file final_33.txt (compact mmCIF, C-alpha atoms)
# COMPACT_ATOMS: atom_id res chain seq x y z
CA MET V 288 -25.95 21.85 16.46
CA THR V 289 -27.72 23.12 19.57
CA ARG V 290 -28.35 26.45 17.85
CA ASN V 291 -29.85 24.73 14.81
CA LEU V 292 -32.09 22.71 17.11
CA LEU V 293 -33.25 25.86 18.87
CA LEU V 294 -33.96 27.54 15.53
CA ARG V 295 -35.99 24.58 14.31
CA THR V 296 -37.98 24.09 17.51
CA PRO V 297 -40.57 26.83 16.73
CA GLN V 298 -41.06 25.30 13.28
CA HIS V 299 -41.62 21.85 14.75
CA VAL V 300 -44.04 23.22 17.34
CA LEU V 301 -45.99 25.13 14.68
CA THR V 302 -46.21 22.20 12.27
CA GLY V 303 -47.19 19.87 15.12
CA ALA V 304 -49.93 22.26 16.23
CA LEU V 305 -51.26 22.55 12.68
CA ALA V 306 -51.24 18.76 12.34
CA ILE V 307 -53.29 18.44 15.53
CA VAL V 308 -55.77 21.08 14.35
CA PHE V 309 -56.32 19.34 11.01
CA LEU V 310 -56.37 15.78 12.36
CA PHE V 311 -58.59 16.47 15.38
CA PRO V 312 -61.94 16.49 13.48
CA LEU V 313 -61.11 13.18 11.79
CA ALA V 314 -60.00 11.63 15.07
CA TRP V 315 -63.16 12.92 16.76
CA ALA V 316 -65.35 11.43 14.02
CA SER V 317 -63.52 8.10 14.24
CA VAL V 318 -64.04 7.86 18.01
CA ALA V 319 -67.65 9.04 17.81
CA SER V 320 -68.46 6.44 15.13
CA VAL V 321 -67.70 3.54 17.51
CA SER V 322 -68.64 5.08 20.88
CA PRO V 323 -72.01 4.60 22.59
CA GLN V 324 -74.56 7.35 21.90
CA ALA V 325 -78.26 7.62 22.65
CA GLY V 326 -80.50 7.45 19.60
CA THR V 327 -77.99 5.51 17.50
CA ALA V 328 -77.43 1.84 16.71
CA GLN V 329 -74.54 1.85 19.21
CA THR V 330 -76.28 2.71 22.49
CA HIS V 331 -74.21 0.46 24.79
CA GLY V 332 -70.49 -0.19 24.72
CA TRP V 333 -68.06 0.35 21.92
CA GLY V 334 -68.66 -1.35 18.59
CA LEU V 335 -69.53 -1.13 14.90
CA GLY V 336 -73.29 -0.70 15.20
CA ASN V 337 -73.21 2.65 13.41
CA TYR V 338 -71.29 1.11 10.53
CA GLN V 339 -73.95 -1.62 10.28
CA THR V 340 -76.61 1.09 10.01
CA LEU V 341 -74.59 2.78 7.30
CA ALA V 342 -74.02 -0.49 5.45
CA GLY V 343 -77.75 -1.30 5.36
CA TYR V 344 -79.04 2.15 4.41
CA GLN V 345 -81.32 1.96 1.33
CA ALA V 346 -79.25 0.53 -1.59
CA GLY V 347 -76.38 -0.27 0.77
CA ILE V 348 -72.98 1.26 1.27
CA GLY V 349 -71.49 -1.06 -1.34
CA GLN V 350 -73.63 0.50 -4.06
CA TYR V 351 -72.82 4.03 -2.94
CA LEU V 352 -69.09 3.26 -2.78
CA PHE V 353 -69.30 1.81 -6.29
CA ASN V 354 -71.06 4.97 -7.52
CA SER V 355 -68.43 7.24 -5.96
CA THR V 356 -65.55 5.10 -7.20
CA LEU V 357 -66.91 4.93 -10.75
CA VAL V 358 -67.51 8.69 -10.92
CA SER V 359 -64.10 9.48 -9.41
CA VAL V 360 -62.19 7.12 -11.72
CA LEU V 361 -64.00 8.41 -14.82
CA THR V 362 -63.35 12.00 -13.73
CA VAL V 363 -59.64 11.30 -13.24
CA LEU V 364 -59.30 9.56 -16.61
CA ILE V 365 -61.15 12.28 -18.54
CA THR V 366 -59.25 15.04 -16.76
CA LEU V 367 -55.86 13.44 -17.35
CA VAL V 368 -56.43 12.70 -21.04
CA VAL V 369 -57.77 16.15 -21.92
CA SER V 370 -55.38 18.14 -19.72
CA VAL V 371 -52.32 16.23 -20.95
CA LEU V 372 -53.20 16.90 -24.58
CA GLY V 373 -54.07 20.52 -23.82
CA GLY V 374 -51.00 21.17 -21.69
CA TYR V 375 -48.79 19.50 -24.30
CA ALA V 376 -50.20 21.67 -27.07
CA PHE V 377 -49.91 24.91 -25.07
CA ALA V 378 -46.36 24.12 -23.92
CA MET V 379 -44.76 22.60 -27.02
CA PHE V 380 -46.52 24.13 -30.02
CA THR V 381 -46.68 27.70 -31.28
CA PHE V 382 -49.89 28.76 -33.02
CA PRO V 383 -51.82 32.00 -33.46
CA GLY V 384 -53.84 33.00 -30.39
CA ARG V 385 -52.20 30.43 -28.12
CA ASN V 386 -51.87 32.70 -25.09
CA ILE V 387 -55.33 34.21 -25.57
CA LEU V 388 -56.89 30.76 -25.76
CA PHE V 389 -54.99 29.71 -22.65
CA LEU V 390 -56.19 32.79 -20.76
CA LEU V 391 -59.77 32.06 -21.82
CA THR V 392 -59.36 28.54 -20.47
CA LEU V 393 -58.14 29.88 -17.13
CA ALA V 394 -60.94 32.47 -17.07
CA ILE V 395 -63.39 29.62 -16.43
CA LEU V 396 -61.92 29.46 -12.92
CA MET V 397 -63.47 32.87 -12.16
CA VAL V 398 -67.01 31.60 -12.83
CA PRO V 399 -68.70 30.07 -9.74
CA TYR V 400 -69.36 26.54 -10.86
CA ALA V 401 -72.72 26.40 -9.06
CA THR V 402 -74.06 28.96 -11.53
CA LEU V 403 -73.35 26.55 -14.39
CA LEU V 404 -75.21 23.57 -12.98
CA ILE V 405 -78.69 24.48 -14.23
CA PRO V 406 -77.54 25.09 -17.86
CA LEU V 407 -75.54 21.87 -17.65
CA TYR V 408 -78.59 20.06 -16.30
CA VAL V 409 -80.57 21.17 -19.35
CA LEU V 410 -77.74 20.21 -21.71
CA LEU V 411 -77.28 16.78 -20.17
CA ASN V 412 -81.02 16.20 -20.34
CA GLU V 413 -80.93 16.92 -24.08
CA LEU V 414 -78.01 14.50 -24.51
CA GLY V 415 -79.67 11.78 -22.45
CA LEU V 416 -76.98 11.95 -19.76
CA GLN V 417 -78.99 13.57 -16.99
CA ASN V 418 -79.30 11.29 -13.94
CA SER V 419 -76.26 9.40 -15.25
CA LEU V 420 -72.97 8.68 -13.52
CA VAL V 421 -71.17 9.20 -16.83
CA GLY V 422 -72.79 12.61 -17.23
CA LEU V 423 -71.85 13.47 -13.64
CA ALA V 424 -68.22 12.49 -14.31
CA LEU V 425 -68.14 14.63 -17.46
CA VAL V 426 -69.36 17.68 -15.53
CA LEU V 427 -66.90 17.14 -12.67
CA ALA V 428 -64.04 16.71 -15.16
CA MET V 429 -65.03 19.92 -16.91
CA PHE V 430 -64.72 21.82 -13.64
CA GLN V 431 -61.20 20.38 -13.13
CA LEU V 432 -59.84 21.04 -16.62
CA PRO V 433 -58.71 24.71 -16.30
CA PHE V 434 -56.48 24.02 -13.29
CA ALA V 435 -55.37 20.64 -14.69
CA THR V 436 -54.40 22.21 -18.03
CA LEU V 437 -52.39 24.89 -16.22
CA MET V 438 -50.58 22.25 -14.17
CA MET V 439 -49.75 20.14 -17.22
CA ARG V 440 -48.55 23.13 -19.23
CA VAL V 441 -46.19 24.11 -16.42
CA SER V 442 -45.01 20.49 -16.11
CA PHE V 443 -44.28 20.17 -19.83
CA GLU V 444 -42.51 23.54 -19.92
CA ALA V 445 -40.19 22.32 -17.15
CA VAL V 446 -39.00 19.46 -19.40
CA PRO V 447 -36.01 20.35 -21.63
CA ARG V 448 -37.26 20.84 -25.16
CA GLU V 449 -34.24 18.91 -26.39
CA LEU V 450 -35.89 15.68 -25.21
CA ARG V 451 -38.80 16.14 -27.59
CA GLU V 452 -36.55 17.34 -30.39
CA ALA V 453 -34.32 14.28 -30.01
CA ALA V 454 -37.38 12.01 -30.11
CA LEU V 455 -38.60 13.72 -33.30
CA ILE V 456 -35.18 13.35 -34.91
CA ASP V 457 -35.23 9.63 -34.05
CA GLY V 458 -38.46 9.25 -36.00
CA CYS V 459 -41.13 9.65 -33.34
CA GLY V 460 -44.23 11.62 -34.18
CA SER V 461 -45.62 14.20 -31.78
CA LEU V 462 -47.94 11.71 -30.06
CA ARG V 463 -45.28 9.00 -29.78
CA ALA V 464 -42.84 11.52 -28.33
CA LEU V 465 -45.51 12.50 -25.84
CA ARG V 466 -46.24 8.91 -24.84
CA TYR V 467 -42.75 7.45 -24.62
CA VAL V 468 -40.55 10.44 -23.76
CA LEU V 469 -42.49 13.29 -22.17
CA LEU V 470 -45.11 11.51 -20.07
CA PRO V 471 -42.52 9.74 -17.87
CA ALA V 472 -40.83 13.12 -17.36
CA VAL V 473 -44.03 14.79 -16.12
CA LYS V 474 -45.15 11.94 -13.84
CA PRO V 475 -45.35 14.17 -10.71
CA GLY V 476 -47.62 16.59 -12.57
CA LEU V 477 -49.84 13.72 -13.71
CA ILE V 478 -50.16 12.43 -10.16
CA THR V 479 -50.96 15.92 -8.84
CA VAL V 480 -53.68 16.47 -11.44
CA GLY V 481 -55.11 13.01 -10.90
CA LEU V 482 -55.12 13.39 -7.13
CA PHE V 483 -56.86 16.76 -7.31
CA ALA V 484 -59.47 15.39 -9.70
CA PHE V 485 -60.10 12.35 -7.50
CA LEU V 486 -60.50 14.36 -4.30
CA ALA V 487 -62.83 16.84 -6.00
CA ALA V 488 -65.01 14.11 -7.51
CA TRP V 489 -65.04 11.91 -4.39
CA ASN V 490 -66.08 14.73 -2.05
CA ASP V 491 -68.39 16.74 -4.32
CA PHE V 492 -71.90 17.22 -2.95
CA ILE V 493 -73.74 19.95 -4.83
CA THR V 494 -73.17 18.59 -8.36
CA PRO V 495 -74.75 15.15 -7.78
CA LEU V 496 -77.45 16.84 -5.71
CA VAL V 497 -78.54 18.75 -8.82
CA LEU V 498 -77.79 16.21 -11.55
CA ILE V 499 -78.72 12.86 -9.93
CA SER V 500 -82.32 12.09 -9.01
CA ASP V 501 -82.25 8.30 -8.63
CA THR V 502 -81.39 7.36 -5.02
CA ASP V 503 -79.57 4.22 -6.20
CA LYS V 504 -77.17 6.31 -8.31
CA VAL V 505 -76.15 8.93 -5.76
CA PRO V 506 -72.49 8.92 -4.61
CA LEU V 507 -71.56 8.37 -0.99
CA PRO V 508 -71.46 12.04 0.19
CA LEU V 509 -75.08 12.52 -0.87
CA ALA V 510 -76.11 9.18 0.66
CA VAL V 511 -74.51 10.17 3.99
CA ALA V 512 -76.34 13.51 3.91
CA ASN V 513 -79.64 11.73 3.25
CA LEU V 514 -78.91 9.28 6.07
CA ARG V 515 -78.70 12.09 8.61
CA GLY V 516 -82.46 12.65 8.68
CA GLN V 517 -83.85 9.28 7.70
CA VAL V 518 -86.24 8.94 10.67
CA MET V 519 -88.67 11.87 11.01
CA GLY V 520 -85.86 14.35 10.53
CA ILE V 521 -83.97 13.12 13.60
CA VAL V 522 -80.22 13.21 12.98
CA ASP V 523 -78.43 9.89 13.46
CA TYR V 524 -75.08 11.29 14.53
CA GLY V 525 -73.45 7.89 14.97
CA ALA V 526 -74.18 6.71 11.44
CA THR V 527 -73.25 10.15 10.11
CA GLU V 528 -69.85 10.00 11.81
CA ALA V 529 -69.35 6.50 10.40
CA GLY V 530 -70.10 7.88 6.94
CA VAL V 531 -67.57 10.68 7.46
CA VAL V 532 -64.88 8.15 8.35
CA VAL V 533 -65.65 5.98 5.31
CA LEU V 534 -65.56 9.08 3.10
CA ALA V 535 -62.29 10.38 4.52
CA LEU V 536 -60.33 7.13 4.67
CA PRO V 537 -59.65 6.67 0.90
CA CYS V 538 -58.64 10.33 0.57
CA VAL V 539 -56.21 10.13 3.49
CA LEU V 540 -54.63 6.88 2.32
CA LEU V 541 -54.31 8.06 -1.27
CA PHE V 542 -52.78 11.36 -0.25
CA LEU V 543 -50.27 9.70 2.08
CA ALA V 544 -49.28 7.22 -0.63
CA LEU V 545 -48.76 9.92 -3.26
CA GLN V 546 -47.57 12.79 -1.05
CA ARG V 547 -44.00 12.84 -2.40
CA HIS V 548 -45.13 12.97 -6.04
CA TYR V 549 -47.83 15.50 -5.14
CA VAL V 550 -45.28 17.95 -3.71
CA ARG V 551 -42.93 17.41 -6.66
CA GLY V 552 -45.81 18.10 -9.05
CA PHE V 553 -46.48 21.46 -7.47
CA MET V 554 -42.77 22.29 -7.68
CA SER V 555 -42.64 21.49 -11.40
CA GLY V 556 -41.33 24.48 -13.26
CA ALA V 557 -40.44 26.42 -10.12
CA LEU V 558 -36.74 26.30 -10.97
CA LYS V 559 -37.18 26.50 -14.75
CA GLY V 560 -34.88 28.87 -16.61
call {"tool": "encode", "arguments": {"input": "final_33.txt", "output": "structure tokens"}}
result
Amino acid sequence: MTRNLLLRTPQHVLTGALAIVFLFPLAWASVASVSPQAGTAQTHGWGLGNYQTLAGYQAGIGQYLFNSTLVSVLTVLITLVVSVLGGYAFAMFTFPGRNILFLLTLAILMVPYATLLIPLYVLLNELGLQNSLVGLALVLAMFQLPFATLMMRVSFEAVPRELREAALIDGCGSLRALRYVLLPAVKPGLITVGLFAFLAAWNDFITPLVLISDTDKVPLPLAVANLRGQVMGIVDYGATEAGVVVLALPCVLLFLALQRHYVRGFMSGALKG
């Protein structure tokens, strides 16, 4: 027992050190957001003055949180629906050119997404979706689909094919078998894809910067960036740190709540065959 403890001690020390390294910036931002700083709304004592500044900035933090939440939820829903259908087709059906089509889908990952924003801006303008939260969600979902489709294909391939075959024998069609039999079996993969899509949409900065021009429609990351230099270019560090905390808190809570499923989703298919 003592030997096992000695062998595990370096692992515990390393993981503890990594945890401190990753958590330190968030802890620093949390303390700085409530501590007194010159040139901020919280100049004396500890309090929530910086959060009041953030709450009253332009359209208000409520509007910006609504924008970010709407875009993130739409992105997650679109990504899940399309990737589930795509992953199901690639994993369970055999058709000419299946592997080539799948490789072409993955090849999108090699294209820097920033290079696609201007063509997408023109396309959305033609469709009447430029400067629209729905259009923004469609673009963000498109960027997530290659990885999401890969994850769902791996998840479906890890499910015994006999489950689907038994459902078909019992009279289920392909879509009913997917809904009632296969989706519960790939729940960890669904959560992983949804979590990735949410984090990407919630934290994205450059896409709304290009596609959204109305200040009342910008998501929270862009609003926090605009807040930094609201008075003659002078950076309000206190309000900025408050914005960082508000941005990080939903991501941290969501990840902690879904951590077990997230890890299982990444392990899907690892032991297959």
call {"tool": "closest_residue", "arguments": {"input": "final_33.txt", "among": "V:Val369, V:Phe353, V:Leu482, V:Asp523", "to": "Val539 in chain V", "atoms": "all atoms listed in the file"}}
result
V:Leu482
call {"tool": "closest_residue", "arguments": {"input": "final_33.txt", "among": "V:Thr494, V:Thr436, V:Thr340, V:Gln431", "to": "Val363 in chain V", "atoms": "only C-alpha atoms"}}
result
V:Gln431
call {"tool": "atom_distance", "arguments": {"input": "final_33.txt", "atom1": "CA of Gln298 in chain V", "atom2": "CA of Ala535 in chain V"}}
result
27.4 Å
call {"tool": "residues_around", "arguments": {"input": "final_33.txt", "residues": "range 392-403 of chain V", "least_positions_apart": "5", "cutoff": "8 Å", "atoms": "only C-alpha atoms", "output": "PyMOL selection string"}}
result
chain V and resi 430+433-434+437+493-494
call {"tool": "atom_distance", "arguments": {"input": "final_33.txt", "atom1": "CA of Val522 in chain V", "atom2": "CA of Phe309 in chain V"}}
result
24.8 Å
call {"tool": "residues_around", "arguments": {"input": "final_33.txt", "residues": "Met438 in chain V", "least_positions_apart": "4", "cutoff": "8 Å", "atoms": "all atoms listed in the file", "output": "JSON list (two decimals) with C-alpha atoms, in the frame of the given file"}}
result
[["chain", "number", "residue", "atom", "x", "y", "z"],
["V", 374, "GLY", "CA", -51.00, 21.17, -21.69],
["V", 434, "PHE", "CA", -56.48, 24.02, -13.29],
["V", 442, "SER", "CA", -45.01, 20.49, -16.11],
["V", 476, "GLY", "CA", -47.62, 16.59, -12.57],
["V", 480, "VAL", "CA", -53.68, 16.47, -11.44],
["V", 553, "PHE", "CA", -46.48, 21.46, -7.47]]
call {"tool": "atom_distance", "arguments": {"input": "final_33.txt", "atom1": "CA of Ile478 in chain V", "atom2": "CA of Ala544 in chain V"}}
result
10.9 Å
call {"tool": "closest_residue", "arguments": {"input": "final_33.txt", "among": "V:Leu486, V:Leu407, V:Met429, V:Ser359", "to": "Leu540 in chain V", "atoms": "all atoms listed in the file"}}
result
V:Leu486
call {"tool": "closest_residue", "arguments": {"input": "final_33.txt", "among": "V:Gly303, V:Pro323, V:Gly347, V:Pro383", "to": "Thr502 in chain V", "atoms": "all atoms listed in the file"}}
result
V:Gly347
call {"tool": "closest_residue", "arguments": {"input": "final_33.txt", "among": "V:Tyr524, V:Phe542, V:Phe443, V:Tyr408", "to": "Gly373 in chain V", "atoms": "all atoms listed in the file"}}
result
V:Phe443
call {"tool": "axis_aligned_box", "arguments": {"input": "final_33.txt", "around": "range 334-343 of chain V", "padding_each_side": "5 Å", "output": "JSON"}}
result
{"center_x": -73.2, "center_y": 0.6, "center_z": 12.0, "size_x": 19.1, "size_y": 14.4, "size_z": 23.2}
call {"tool": "decode", "arguments": {"input": "final_33.txt", "residues": "range 360-377 of chain V", "atoms": "N, CA, C and O atoms", "output": "PDB file, in the first residue's frame"}}
result
ATOM      1  N   VAL V 360     -27.528  27.990 -27.978  1.00  0.00           N
ATOM      2  CA  VAL V 360     -28.544  26.942 -28.005  1.00  0.00           C
ATOM      3  C   VAL V 360     -28.865  26.546 -29.445  1.00  0.00           C
ATOM      4  O   VAL V 360     -28.963  25.354 -29.769  1.00  0.00           O
ATOM      5  N   LEU V 361     -29.034  27.539 -30.324  1.00  0.00           N
ATOM      6  CA  LEU V 361     -29.303  27.228 -31.730  1.00  0.00           C
ATOM      7  C   LEU V 361     -28.145  26.458 -32.353  1.00  0.00           C
ATOM      8  O   LEU V 361     -28.355  25.501 -33.113  1.00  0.00           O
ATOM      9  N   THR V 362     -26.916  26.856 -32.027  1.00  0.00           N
ATOM     10  CA  THR V 362     -25.746  26.158 -32.559  1.00  0.00           C
ATOM     11  C   THR V 362     -25.721  24.707 -32.103  1.00  0.00           C
ATOM     12  O   THR V 362     -25.454  23.789 -32.891  1.00  0.00           O
ATOM     13  N   VAL V 363     -26.004  24.478 -30.822  1.00  0.00           N
ATOM     14  CA  VAL V 363     -26.015  23.111 -30.289  1.00  0.00           C
ATOM     15  C   VAL V 363     -27.091  22.277 -30.975  1.00  0.00           C
ATOM     16  O   VAL V 363     -26.843  21.132 -31.390  1.00  0.00           O
ATOM     17  N   LEU V 364     -28.294  22.829 -31.113  1.00  0.00           N
ATOM     18  CA  LEU V 364     -29.394  22.068 -31.719  1.00  0.00           C
ATOM     19  C   LEU V 364     -29.088  21.719 -33.177  1.00  0.00           C
ATOM     20  O   LEU V 364     -29.280  20.568 -33.603  1.00  0.00           O
ATOM     21  N   ILE V 365     -28.623  22.704 -33.941  1.00  0.00           N
ATOM     22  CA  ILE V 365     -28.309  22.450 -35.358  1.00  0.00           C
ATOM     23  C   ILE V 365     -27.186  21.431 -35.476  1.00  0.00           C
ATOM     24  O   ILE V 365     -27.253  20.492 -36.292  1.00  0.00           O
ATOM     25  N   THR V 366     -26.156  21.593 -34.667  1.00  0.00           N
ATOM     26  CA  THR V 366     -25.019  20.678 -34.725  1.00  0.00           C
ATOM     27  C   THR V 366     -25.434  19.254 -34.368  1.00  0.00           C
ATOM     28  O   THR V 366     -25.039  18.291 -35.041  1.00  0.00           O
ATOM     29  N   LEU V 367     -26.236  19.114 -33.322  1.00  0.00           N
ATOM     30  CA  LEU V 367     -26.650  17.770 -32.903  1.00  0.00           C
ATOM     31  C   LEU V 367     -27.519  17.099 -33.968  1.00  0.00           C
ATOM     32  O   LEU V 367     -27.294  15.928 -34.304  1.00  0.00           O
ATOM     33  N   VAL V 368     -28.494  17.825 -34.500  1.00  0.00           N
ATOM     34  CA  VAL V 368     -29.400  17.214 -35.477  1.00  0.00           C
ATOM     35  C   VAL V 368     -28.632  16.756 -36.719  1.00  0.00           C
ATOM     36  O   VAL V 368     -28.753  15.614 -37.171  1.00  0.00           O
ATOM     37  N   VAL V 369     -27.810  17.640 -37.268  1.00  0.00           N
ATOM     38  CA  VAL V 369     -27.113  17.311 -38.516  1.00  0.00           C
ATOM     39  C   VAL V 369     -26.040  16.256 -38.278  1.00  0.00           C
ATOM     40  O   VAL V 369     -25.897  15.307 -39.071  1.00  0.00           O
ATOM     41  N   SER V 370     -25.288  16.369 -37.202  1.00  0.00           N
ATOM     42  CA  SER V 370     -24.200  15.410 -36.955  1.00  0.00           C
ATOM     43  C   SER V 370     -24.742  14.028 -36.604  1.00  0.00           C
ATOM     44  O   SER V 370     -24.134  13.011 -36.965  1.00  0.00           O
ATOM     45  N   VAL V 371     -25.869  13.967 -35.895  1.00  0.00           N
ATOM     46  CA  VAL V 371     -26.464  12.663 -35.583  1.00  0.00           C
ATOM     47  C   VAL V 371     -26.903  11.965 -36.861  1.00  0.00           C
ATOM     48  O   VAL V 371     -26.618  10.772 -37.073  1.00  0.00           O
ATOM     49  N   LEU V 372     -27.589  12.687 -37.735  1.00  0.00           N
ATOM     50  CA  LEU V 372     -28.026  12.077 -38.988  1.00  0.00           C
ATOM     51  C   LEU V 372     -26.834  11.694 -39.861  1.00  0.00           C
ATOM     52  O   LEU V 372     -26.807  10.610 -40.460  1.00  0.00           O
ATOM     53  N   GLY V 373     -25.828  12.568 -39.915  1.00  0.00           N
ATOM     54  CA  GLY V 373     -24.646  12.268 -40.712  1.00  0.00           C
ATOM     55  C   GLY V 373     -23.852  11.110 -40.147  1.00  0.00           C
ATOM     56  O   GLY V 373     -23.441  10.198 -40.876  1.00  0.00           O
ATOM     57  N   GLY V 374     -23.617  11.126 -38.830  1.00  0.00           N
ATOM     58  CA  GLY V 374     -22.868  10.042 -38.209  1.00  0.00           C
ATOM     59  C   GLY V 374     -23.600   8.718 -38.312  1.00  0.00           C
ATOM     60  O   GLY V 374     -22.989   7.662 -38.532  1.00  0.00           O
ATOM     61  N   TYR V 375     -24.911   8.748 -38.194  1.00  0.00           N
ATOM     62  CA  TYR V 375     -25.732   7.537 -38.332  1.00  0.00           C
ATOM     63  C   TYR V 375     -25.618   6.961 -39.739  1.00  0.00           C
ATOM     64  O   TYR V 375     -25.447   5.754 -39.924  1.00  0.00           O
ATOM     65  N   ALA V 376     -25.686   7.837 -40.734  1.00  0.00           N
ATOM     66  CA  ALA V 376     -25.583   7.366 -42.119  1.00  0.00           C
ATOM     67  C   ALA V 376     -24.204   6.796 -42.412  1.00  0.00           C
ATOM     68  O   ALA V 376     -24.078   5.721 -43.011  1.00  0.00           O
ATOM     69  N   PHE V 377     -23.148   7.484 -41.976  1.00  0.00           N
ATOM     70  CA  PHE V 377     -21.792   7.008 -42.244  1.00  0.00           C
ATOM     71  C   PHE V 377     -21.488   5.708 -41.502  1.00  0.00           C
ATOM     72  O   PHE V 377     -20.715   4.875 -41.989  1.00  0.00           O
TER      73      PHE V 377
END
